[in-house]
>>> print(open('input-v1.txt').read())   # compact mmCIF, C-alpha atoms
# COMPACT_ATOMS: atom_id res chain seq x y z
CA MET A 1 84.94 98.91 97.10
CA ASN A 2 84.80 98.55 93.32
CA THR A 3 87.45 96.05 92.27
CA PRO A 4 87.97 95.41 88.53
CA ALA A 5 87.32 91.81 87.61
CA THR A 6 90.52 89.87 86.95
CA SER A 7 89.13 86.49 85.97
CA LEU A 8 87.57 87.55 82.66
CA LEU A 9 88.64 85.12 79.95
CA LEU A 10 89.73 87.14 76.95
CA PRO A 11 90.36 86.02 73.38
CA ARG A 12 93.96 86.32 72.25
CA TRP A 13 93.60 89.74 70.60
CA GLN A 14 91.96 91.10 73.73
CA GLU A 15 94.77 89.74 75.87
CA ARG A 16 97.34 91.54 73.74
CA VAL A 17 95.47 94.85 73.81
CA ALA A 18 94.75 94.61 77.54
CA HIS A 19 98.38 93.73 78.29
CA ALA A 20 99.75 96.58 76.17
CA PHE A 21 97.53 99.18 77.79
CA SER A 22 98.04 97.81 81.28
CA ARG A 23 101.80 98.19 80.83
CA ALA A 24 101.32 101.71 79.46
CA ALA A 25 99.08 102.87 82.32
CA PRO A 26 101.73 104.68 84.43
CA ARG A 27 102.96 106.70 81.43
CA TYR A 28 99.75 107.01 79.45
CA ASP A 29 98.60 110.43 80.66
CA ALA A 30 101.98 112.00 79.88
CA LEU A 31 101.96 110.58 76.34
CA ALA A 32 98.32 111.09 75.33
CA SER A 33 98.31 114.79 74.37
CA ALA A 34 96.84 114.14 70.91
CA GLN A 35 94.11 111.94 72.40
CA ARG A 36 93.28 114.64 74.95
CA ASP A 37 93.05 117.29 72.24
CA ILE A 38 90.65 115.15 70.19
CA GLY A 39 88.61 114.39 73.32
CA GLU A 40 88.19 118.07 74.14
CA ALA A 41 86.24 118.59 70.92
CA LEU A 42 83.99 115.65 71.80
CA TRP A 43 83.50 117.07 75.30
CA GLN A 44 81.92 120.20 73.85
CA THR A 45 79.03 118.11 72.43
CA LEU A 46 77.88 116.62 75.75
CA PRO A 47 74.26 117.13 76.85
CA GLN A 48 73.35 119.35 79.78
CA SER A 49 72.29 116.56 82.10
CA ALA A 50 72.74 112.82 82.61
CA HIS A 51 71.93 110.35 85.37
CA HIS A 52 73.71 107.12 84.44
CA VAL A 53 76.94 107.61 82.48
CA LEU A 54 79.25 105.04 80.92
CA ASP A 55 82.79 105.86 79.75
CA ILE A 56 83.86 103.12 77.31
CA GLY A 57 87.61 102.69 77.09
CA CYS A 58 88.12 104.83 80.16
CA GLY A 59 91.85 104.11 80.41
CA THR A 60 93.41 105.95 83.33
CA GLY A 61 90.09 107.59 84.18
CA TYR A 62 90.88 111.13 83.02
CA TRP A 63 87.58 111.62 81.18
CA THR A 64 85.64 109.49 83.67
CA GLN A 65 86.62 111.81 86.50
CA ARG A 66 85.69 114.84 84.43
CA LEU A 67 82.31 113.26 83.70
CA ALA A 68 81.82 112.76 87.44
CA GLU A 69 82.55 116.44 88.01
CA ARG A 70 80.27 117.56 85.18
CA TYR A 71 77.37 115.35 86.33
CA PRO A 72 77.82 115.33 90.13
CA ILE A 73 74.59 113.50 90.95
CA ALA A 74 75.00 110.86 88.22
CA ALA A 75 76.14 107.25 88.64
CA ILE A 76 79.38 107.00 86.66
CA THR A 77 80.97 103.81 85.31
CA GLY A 78 84.41 103.65 83.74
CA LEU A 79 84.85 100.55 81.60
CA ASP A 80 88.08 99.27 80.10
CA LEU A 81 89.55 96.03 78.79
CA ALA A 82 92.86 96.54 80.61
CA PRO A 83 92.97 95.74 84.34
CA GLY A 84 96.16 97.78 84.72
CA MET A 85 94.41 100.88 83.44
CA LEU A 86 91.49 100.34 85.81
CA ALA A 87 93.78 99.81 88.79
CA HIS A 88 95.57 103.06 87.95
CA ALA A 89 92.26 104.91 87.59
CA GLN A 90 90.89 103.56 90.86
CA ALA A 91 94.08 104.47 92.73
CA GLN A 92 93.97 107.99 91.33
CA TYR A 93 90.27 108.80 91.53
CA GLY A 94 88.86 106.47 94.17
CA ASP A 95 85.72 104.43 94.59
CA ALA A 96 82.97 106.99 93.96
CA ILE A 97 83.24 105.92 90.33
CA ARG A 98 82.45 102.31 89.45
CA TRP A 99 85.47 100.80 87.66
CA GLN A 100 84.44 97.84 85.51
CA GLN A 101 86.54 95.53 83.36
CA GLY A 102 84.78 94.62 80.15
CA ASP A 103 84.54 94.57 76.38
CA ALA A 104 82.59 97.17 74.39
CA ALA A 105 81.23 94.33 72.23
CA ALA A 106 79.79 92.53 75.29
CA LEU A 107 78.99 95.21 77.84
CA PRO A 108 78.49 93.89 81.41
CA LEU A 109 75.51 96.20 81.96
CA ASP A 110 71.74 95.73 82.07
CA ASP A 111 69.45 96.63 79.20
CA ALA A 112 68.36 100.30 79.07
CA SER A 113 70.54 101.13 82.10
CA VAL A 114 72.56 104.09 80.75
CA ASP A 115 71.41 107.47 79.45
CA LEU A 116 74.82 108.74 78.28
CA VAL A 117 77.78 106.90 76.76
CA PHE A 118 81.10 108.70 76.28
CA SER A 119 83.97 107.05 74.40
CA ASN A 120 87.08 108.82 73.18
CA LEU A 121 89.35 106.90 70.77
CA ALA A 122 88.57 103.43 72.09
CA ILE A 123 86.26 101.47 69.80
CA GLN A 124 88.84 101.31 66.99
CA TRP A 125 90.26 98.44 69.05
CA CYS A 126 87.08 96.39 68.67
CA PRO A 127 87.18 93.99 65.69
CA ASP A 128 83.37 93.60 65.63
CA ILE A 129 81.96 97.11 65.21
CA VAL A 130 78.47 95.70 64.58
CA ALA A 131 78.50 94.05 68.02
CA VAL A 132 79.68 97.31 69.61
CA MET A 133 76.81 99.30 68.11
CA ARG A 134 74.27 96.63 69.04
CA GLU A 135 75.52 96.71 72.63
CA LEU A 136 75.23 100.49 72.71
CA ALA A 137 71.65 100.21 71.48
CA ARG A 138 70.92 97.58 74.13
CA VAL A 139 72.28 99.46 77.18
CA LEU A 140 71.02 102.92 76.24
CA ALA A 141 67.74 103.90 77.87
CA PRO A 142 64.97 105.36 75.72
CA GLY A 143 66.21 108.69 74.42
CA GLY A 144 69.72 107.96 75.69
CA GLN A 145 72.66 109.35 73.76
CA ALA A 146 76.23 108.40 72.89
CA ARG A 147 79.20 110.65 72.12
CA ILE A 148 82.02 108.77 70.40
CA THR A 149 85.27 109.41 68.60
CA THR A 150 87.05 106.62 66.76
CA LEU A 151 89.85 106.39 64.22
CA LEU A 152 89.62 105.77 60.48
CA PRO A 153 92.02 104.33 57.90
CA GLY A 154 94.92 106.66 57.17
CA THR A 155 95.64 107.30 60.85
CA LEU A 156 99.40 107.29 61.57
CA SER A 157 100.17 107.12 57.84
CA GLU A 158 103.50 108.92 58.34
CA VAL A 159 104.57 106.32 60.89
CA ALA A 160 103.69 103.54 58.45
CA THR A 161 105.74 105.26 55.75
CA ALA A 162 108.75 105.67 58.01
CA TRP A 163 108.81 102.09 59.23
CA GLN A 164 107.39 100.46 56.07
CA ARG A 165 105.16 98.40 58.33
CA PRO A 166 101.54 99.46 57.81
CA GLU A 167 100.30 96.07 59.00
CA ALA A 168 101.71 96.79 62.47
CA LEU A 169 99.56 99.87 62.93
CA LEU A 170 95.86 100.23 63.55
CA GLN A 171 93.53 98.31 61.24
CA THR A 172 90.34 100.33 61.51
CA PRO A 173 86.95 100.06 59.76
CA ASP A 174 86.15 102.86 57.33
CA ALA A 175 83.36 105.39 57.90
CA SER A 176 80.86 103.56 55.69
CA THR A 177 81.38 100.33 57.63
CA VAL A 178 80.73 102.16 60.89
CA GLN A 179 77.63 103.80 59.41
CA ARG A 180 76.25 100.41 58.33
CA ALA A 181 76.85 99.04 61.81
CA ILE A 182 74.94 101.96 63.34
CA HIS A 183 72.05 101.42 60.92
CA ARG A 184 71.90 97.70 61.74
CA SER A 185 71.86 98.46 65.48
CA GLY A 186 68.82 100.70 65.25
CA LEU A 187 70.60 103.71 66.73
CA ARG A 188 69.91 107.10 65.17
CA VAL A 189 72.73 109.36 63.99
CA ILE A 190 72.23 112.89 65.30
CA GLN A 191 75.48 114.11 63.78
CA HIS A 192 78.68 112.67 62.36
CA THR A 193 81.85 114.34 61.16
CA CYS A 194 85.07 113.06 59.62
CA ALA A 195 88.19 115.15 60.04
CA GLN A 196 91.94 114.82 59.80
CA ARG A 197 93.97 116.19 62.68
CA ARG A 198 97.74 116.63 62.45
CA PHE A 199 100.02 116.87 65.44
CA PHE A 200 103.72 117.73 65.34
CA TYR A 201 106.67 116.42 67.32
CA PRO A 202 110.33 117.46 67.53
CA ASP A 203 111.88 114.07 66.76
CA LEU A 204 111.22 110.37 66.15
CA ASN A 205 111.47 109.48 69.84
CA ALA A 206 108.65 111.90 70.61
CA VAL A 207 106.56 110.50 67.76
CA MET A 208 107.00 106.92 68.94
CA ALA A 209 106.16 107.87 72.51
CA SER A 210 103.00 109.65 71.36
CA ILE A 211 101.54 106.72 69.39
CA LYS A 212 101.64 104.53 72.48
CA GLY A 213 98.62 106.56 73.51
CA VAL A 214 96.57 104.62 70.94
CA GLY A 215 98.45 101.37 71.49
CA ALA A 216 100.12 101.26 68.07
CA GLN A 217 103.48 99.62 67.67
CA VAL A 218 105.94 98.96 64.88
CA ALA A 219 108.00 96.12 66.32
CA ARG A 220 106.89 92.59 65.50
CA PRO A 221 106.01 90.48 68.56
CA ASN A 222 109.17 89.22 70.26
CA ALA A 223 111.35 91.05 67.72
CA ARG A 224 114.11 93.56 68.44
CA LEU A 225 114.49 96.64 66.28
CA THR A 226 118.02 96.88 64.91
CA ARG A 227 120.00 100.08 64.97
CA GLN A 228 120.00 100.14 61.17
CA ALA A 229 116.20 99.85 61.05
CA LEU A 230 115.96 102.78 63.43
CA VAL A 231 118.36 104.91 61.38
CA THR A 232 116.48 104.09 58.15
CA ALA A 233 113.10 104.89 59.69
CA GLN A 234 114.42 108.15 61.08
CA ALA A 235 115.71 109.17 57.64
CA ARG A 236 112.34 108.40 56.03
CA TYR A 237 110.49 110.35 58.69
CA GLU A 238 112.85 113.32 58.40
CA SER A 239 111.87 113.61 54.74
CA LEU A 240 108.33 114.42 55.96
CA ARG A 241 109.44 117.16 58.37
CA THR A 242 107.56 120.46 58.23
CA PRO A 243 108.42 123.79 59.86
CA GLN A 244 106.19 122.72 62.79
CA GLY A 245 108.02 119.40 63.25
CA LEU A 246 107.44 115.74 62.35
CA PRO A 247 103.74 115.21 61.52
CA VAL A 248 101.42 112.51 62.85
CA SER A 249 97.95 112.32 61.28
CA TYR A 250 94.79 111.13 62.99
CA HIS A 251 91.72 110.54 60.83
CA CYS A 252 88.83 110.89 63.27
CA LEU A 253 85.16 110.01 63.09
CA THR A 254 83.01 111.85 65.65
CA LEU A 255 79.53 110.47 66.31
CA GLN A 256 76.50 111.72 68.17
CA LEU A 257 74.02 108.85 68.45
CA GLU A 258 70.61 108.43 70.06
CA SER A 259 68.51 105.49 71.14
CA THR A 260 65.31 105.17 69.14
CA ARG A 261 63.46 103.11 71.76
>>> encode(input="input-v1.txt", output="structure tokens")
Amino acid sequence: MNTPATSLLLPRWQERVAHAFSRAAPRYDALASAQRDIGEALWQTLPQSAHHVLDIGCGTGYWTQRLAERYPIAAITGLDLAPGMLAHAQAQYGDAIRWQQGDAAALPLDDASVDLVFSNLAIQWCPDIVAVMRELARVLAPGGQARITTLLPGTLSEVATAWQRPEALLQTPDASTVQRAIHRSGLRVIQHTCAQRRFFYPDLNAVMASIKGVGAQVARPNARLTRQALVTAQARYESLRTPQGLPVSYHCLTLQLESTR
């Protein structure tokens, strides 16, 4: 039986991220429609075959299970920082998939042990993007490939405007920083694209529920949002309303990478 490790000592930022996503696990799938939509585009780029597959930031296991169905004879590993997410995934999809707690910047896998890495909207949580790319280069077998989406600055800009708290949202590296990290790792870029995706919601409650899918928050730690703050934020957001609803922007970087070993 594959049991996620629970004794991993995590730095403080990792503890916060892991805790937030563990708490969100039971509701995550219902809230993550934007993340699913972005992941579907990444899914279309997958290679025909794979034998050892790693899903980084697997969350509740939605994509991991689909990878297992797409590559039925492959060994599949779902890796996530949050033990609560892994427990949810294991309960839902069982033990045929290996569920592994770990950090994308320090992958608990052997060198050259994976021929396909899939990661949808996860590595924006890693503060050391150079370490992430070096780890990808290390675990990918010769000719192995990675398919990744991550978020760029400008994501959730409407939420930042409404709450006047940009520092509370995602702090992501820009595309050039990611490109330099890839170059330093020795990985080869097959293709990369930057695109803005906008999703629309009927009201502020729906917006705030949706951004939990990427772990963003606007409340300061241990702080309570006042009713006046909520009313003010709602008024600011309403000024951005379009005929489709309240907008939420995701600036996405999609990467197709290959090992050069």
>>> residues_around(input="input-v1.txt", residues="Tyr71 (chain A)", least_positions_apart="2", cutoff="9 Å", atoms="all atoms listed in the file", output="list in words")
Gln48, Ser49, Ala50, His51, Val53, Arg66, Leu67, Ala68, Glu69, Ile73, Ala74, Ala75 and Ile76 of chain A
>>> residues_around(input="input-v1.txt", residues="Gln196 (chain A)", least_positions_apart="2", cutoff="12 Å", atoms="only C-alpha atoms", output="list in words")
Ile38, Thr150, Leu151, Leu152, Pro153, Gly154, Thr155, Leu156, Ser157, Thr193, Cys194, Arg198, Phe199, Pro247, Val248, Ser249, Tyr250, His251, Cys252, Leu253 and Thr254 of chain A
>>> residues_around(input="input-v1.txt", residues="Gln191 (chain A)", least_positions_apart="4", cutoff="8 Å", atoms="only C-alpha atoms", output="list in words")
Leu255, Gln256 and Leu257 of chain A
>>> atom_distance(input="input-v1.txt", atom1="CA of Ile123 (chain A)", atom2="CA of Ser33 (chain A)")
18.5 Å
>>> residues_around(input="input-v1.txt", residues="Asp80 (chain A)", least_positions_apart="4", cutoff="6 Å", atoms="all atoms listed in the file", output="PDB file with C-alpha atoms, in the frame of the given file")
ATOM      1  CA  GLY A  57      87.610 102.690  77.090  1.00  0.00           C
ATOM      2  CA  CYS A  58      88.120 104.830  80.160  1.00  0.00           C
ATOM      3  CA  GLN A 101      86.540  95.530  83.360  1.00  0.00           C
ATOM      4  CA  GLY A 102      84.780  94.620  80.150  1.00  0.00           C
TER       5      GLY A 102
END
>>> closest_residue(input="input-v1.txt", among="A:Arg70, A:His183, A:Arg241, A:His192", to="Ala137 (chain A)", atoms="only C-alpha atoms")
A:His183
>>> residues_around(input="input-v1.txt", residues="Gly143 (chain A)", least_positions_apart="2", cutoff="9 Å", atoms="all atoms listed in the file", output="MDAnalysis selection string")
chainID A and resid 115 140:141 145 258:261
>>> atom_distance(input="input-v1.txt", atom1="CA of Leu246 (chain A)", atom2="CA of Ser210 (chain A)")
11.7 Å
>>> closest_residue(input="input-v1.txt", among="A:Leu81, A:Ile56, A:Leu121, A:Leu136", to="Thr149 (chain A)", atoms="all atoms listed in the file")
A:Leu121
>>> atom_distance(input="input-v1.txt", atom1="CA of Ser119 (chain A)", atom2="CA of Ala87 (chain A)")
18.9 Å
>>> closest_residue(input="input-v1.txt", among="A:Ala195, A:Val114, A:Ile129, A:Ala229", to="Thr172 (chain A)", atoms="only C-alpha atoms")
A:Ile129
>>> closest_residue(input="input-v1.txt", among="A:Val117, A:Val189, A:Ala89, A:Ala233", to="Trp163 (chain A)", atoms="all atoms listed in the file")
A:Ala233
>>> residues_near_point(input="input-v1.txt", point="(86.6, 99.2, 62.1)", cutoff="7 Å", atoms="only C-alpha atoms", output="ChimeraX atom specification")
/A:124,127,129,172-174,177-178
>>> write_last_selection(input="input-v1.txt", atoms="C-alpha atoms", output="mmCIF file, keeping the file's coordinate frame")
data_model
loop_
_atom_site.group_PDB
_atom_site.id
_atom_site.type_symbol
_atom_site.label_atom_id
_atom_site.label_comp_id
_atom_site.auth_asym_id
_atom_site.auth_seq_id
_atom_site.Cartn_x
_atom_site.Cartn_y
_atom_site.Cartn_z
ATOM 1 C CA GLN A 124 88.840 101.310 66.990
ATOM 2 C CA PRO A 127 87.180 93.990 65.690
ATOM 3 C CA ILE A 129 81.960 97.110 65.210
ATOM 4 C CA THR A 172 90.340 100.330 61.510
ATOM 5 C CA PRO A 173 86.950 100.060 59.760
ATOM 6 C CA ASP A 174 86.150 102.860 57.330
ATOM 7 C CA THR A 177 81.380 100.330 57.630
ATOM 8 C CA VAL A 178 80.730 102.160 60.890
#
>>> build_atoms(input="input-v1.txt", residues="region 89-108 of chain A", atoms="N, CA, C and O atoms", output="JSON list (two decimals), in the coordinates of the input")
[["chain", "number", "residue", "atom", "x", "y", "z"],
["A", 89, "ALA", "N", 93.37, 103.96, 87.45],
["A", 89, "ALA", "CA", 92.26, 104.91, 87.59],
["A", 89, "ALA", "C", 91.68, 104.88, 88.99],
["A", 89, "ALA", "O", 91.43, 105.93, 89.60],
["A", 90, "GLN", "N", 91.48, 103.68, 89.52],
["A", 90, "GLN", "CA", 90.89, 103.56, 90.86],
["A", 90, "GLN", "C", 91.81, 104.16, 91.92],
["A", 90, "GLN", "O", 91.36, 104.83, 92.85],
["A", 91, "ALA", "N", 93.12, 103.92, 91.76],
["A", 91, "ALA", "CA", 94.08, 104.47, 92.73],
["A", 91, "ALA", "C", 94.10, 105.99, 92.68],
["A", 91, "ALA", "O", 94.29, 106.65, 93.71],
["A", 92, "GLN", "N", 93.89, 106.54, 91.49],
["A", 92, "GLN", "CA", 93.97, 107.99, 91.33],
["A", 92, "GLN", "C", 92.68, 108.70, 91.71],
["A", 92, "GLN", "O", 92.72, 109.78, 92.30],
["A", 93, "TYR", "N", 91.54, 108.09, 91.38],
["A", 93, "TYR", "CA", 90.27, 108.80, 91.53],
["A", 93, "TYR", "C", 89.31, 108.17, 92.54],
["A", 93, "TYR", "O", 88.25, 108.75, 92.81],
["A", 94, "GLY", "N", 89.64, 107.02, 93.08],
["A", 94, "GLY", "CA", 88.86, 106.47, 94.17],
["A", 94, "GLY", "C", 87.65, 105.67, 93.76],
["A", 94, "GLY", "O", 87.46, 105.32, 92.58],
["A", 95, "ASP", "N", 86.80, 105.39, 94.75],
["A", 95, "ASP", "CA", 85.72, 104.43, 94.59],
["A", 95, "ASP", "C", 84.34, 105.05, 94.35],
["A", 95, "ASP", "O", 83.35, 104.33, 94.25],
["A", 96, "ALA", "N", 84.28, 106.38, 94.27],
["A", 96, "ALA", "CA", 82.97, 106.99, 93.96],
["A", 96, "ALA", "C", 82.53, 106.63, 92.56],
["A", 96, "ALA", "O", 81.33, 106.56, 92.26],
["A", 97, "ILE", "N", 83.50, 106.38, 91.69],
["A", 97, "ILE", "CA", 83.24, 105.92, 90.33],
["A", 97, "ILE", "C", 83.31, 104.40, 90.32],
["A", 97, "ILE", "O", 84.16, 103.80, 90.98],
["A", 98, "ARG", "N", 82.41, 103.77, 89.60],
["A", 98, "ARG", "CA", 82.45, 102.31, 89.45],
["A", 98, "ARG", "C", 83.43, 101.97, 88.33],
["A", 98, "ARG", "O", 83.24, 102.39, 87.19],
["A", 99, "TRP", "N", 84.47, 101.22, 88.65],
["A", 99, "TRP", "CA", 85.47, 100.80, 87.66],
["A", 99, "TRP", "C", 85.19, 99.37, 87.27],
["A", 99, "TRP", "O", 85.19, 98.47, 88.11],
["A", 100, "GLN", "N", 84.94, 99.13, 85.98],
["A", 100, "GLN", "CA", 84.44, 97.84, 85.51],
["A", 100, "GLN", "C", 85.29, 97.34, 84.34],
["A", 100, "GLN", "O", 85.42, 98.02, 83.32],
["A", 101, "GLN", "N", 85.85, 96.14, 84.49],
["A", 101, "GLN", "CA", 86.54, 95.53, 83.36],
["A", 101, "GLN", "C", 85.51, 94.96, 82.40],
["A", 101, "GLN", "O", 84.54, 94.32, 82.83],
["A", 102, "GLY", "N", 85.72, 95.17, 81.11],
["A", 102, "GLY", "CA", 84.78, 94.62, 80.15],
["A", 102, "GLY", "C", 85.09, 95.03, 78.73],
["A", 102, "GLY", "O", 85.94, 95.88, 78.47],
["A", 103, "ASP", "N", 84.36, 94.42, 77.82],
["A", 103, "ASP", "CA", 84.54, 94.57, 76.38],
["A", 103, "ASP", "C", 83.37, 95.37, 75.82],
["A", 103, "ASP", "O", 82.21, 95.08, 76.13],
["A", 104, "ALA", "N", 83.66, 96.35, 74.98],
["A", 104, "ALA", "CA", 82.59, 97.17, 74.39],
["A", 104, "ALA", "C", 81.64, 96.35, 73.53],
["A", 104, "ALA", "O", 80.49, 96.75, 73.32],
["A", 105, "ALA", "N", 82.09, 95.19, 73.05],
["A", 105, "ALA", "CA", 81.23, 94.33, 72.23],
["A", 105, "ALA", "C", 80.40, 93.37, 73.06],
["A", 105, "ALA", "O", 79.60, 92.60, 72.51],
["A", 106, "ALA", "N", 80.57, 93.38, 74.38],
["A", 106, "ALA", "CA", 79.79, 92.53, 75.29],
["A", 106, "ALA", "C", 79.72, 93.24, 76.63],
["A", 106, "ALA", "O", 80.30, 92.81, 77.62],
["A", 107, "LEU", "N", 79.00, 94.34, 76.67],
["A", 107, "LEU", "CA", 78.99, 95.21, 77.84],
["A", 107, "LEU", "C", 78.36, 94.50, 79.05],
["A", 107, "LEU", "O", 77.26, 93.96, 78.94],
["A", 108, "PRO", "N", 79.03, 94.53, 80.20],
["A", 108, "PRO", "CA", 78.49, 93.89, 81.41],
["A", 108, "PRO", "C", 77.51, 94.80, 82.14],
["A", 108, "PRO", "O", 77.64, 95.06, 83.34]]
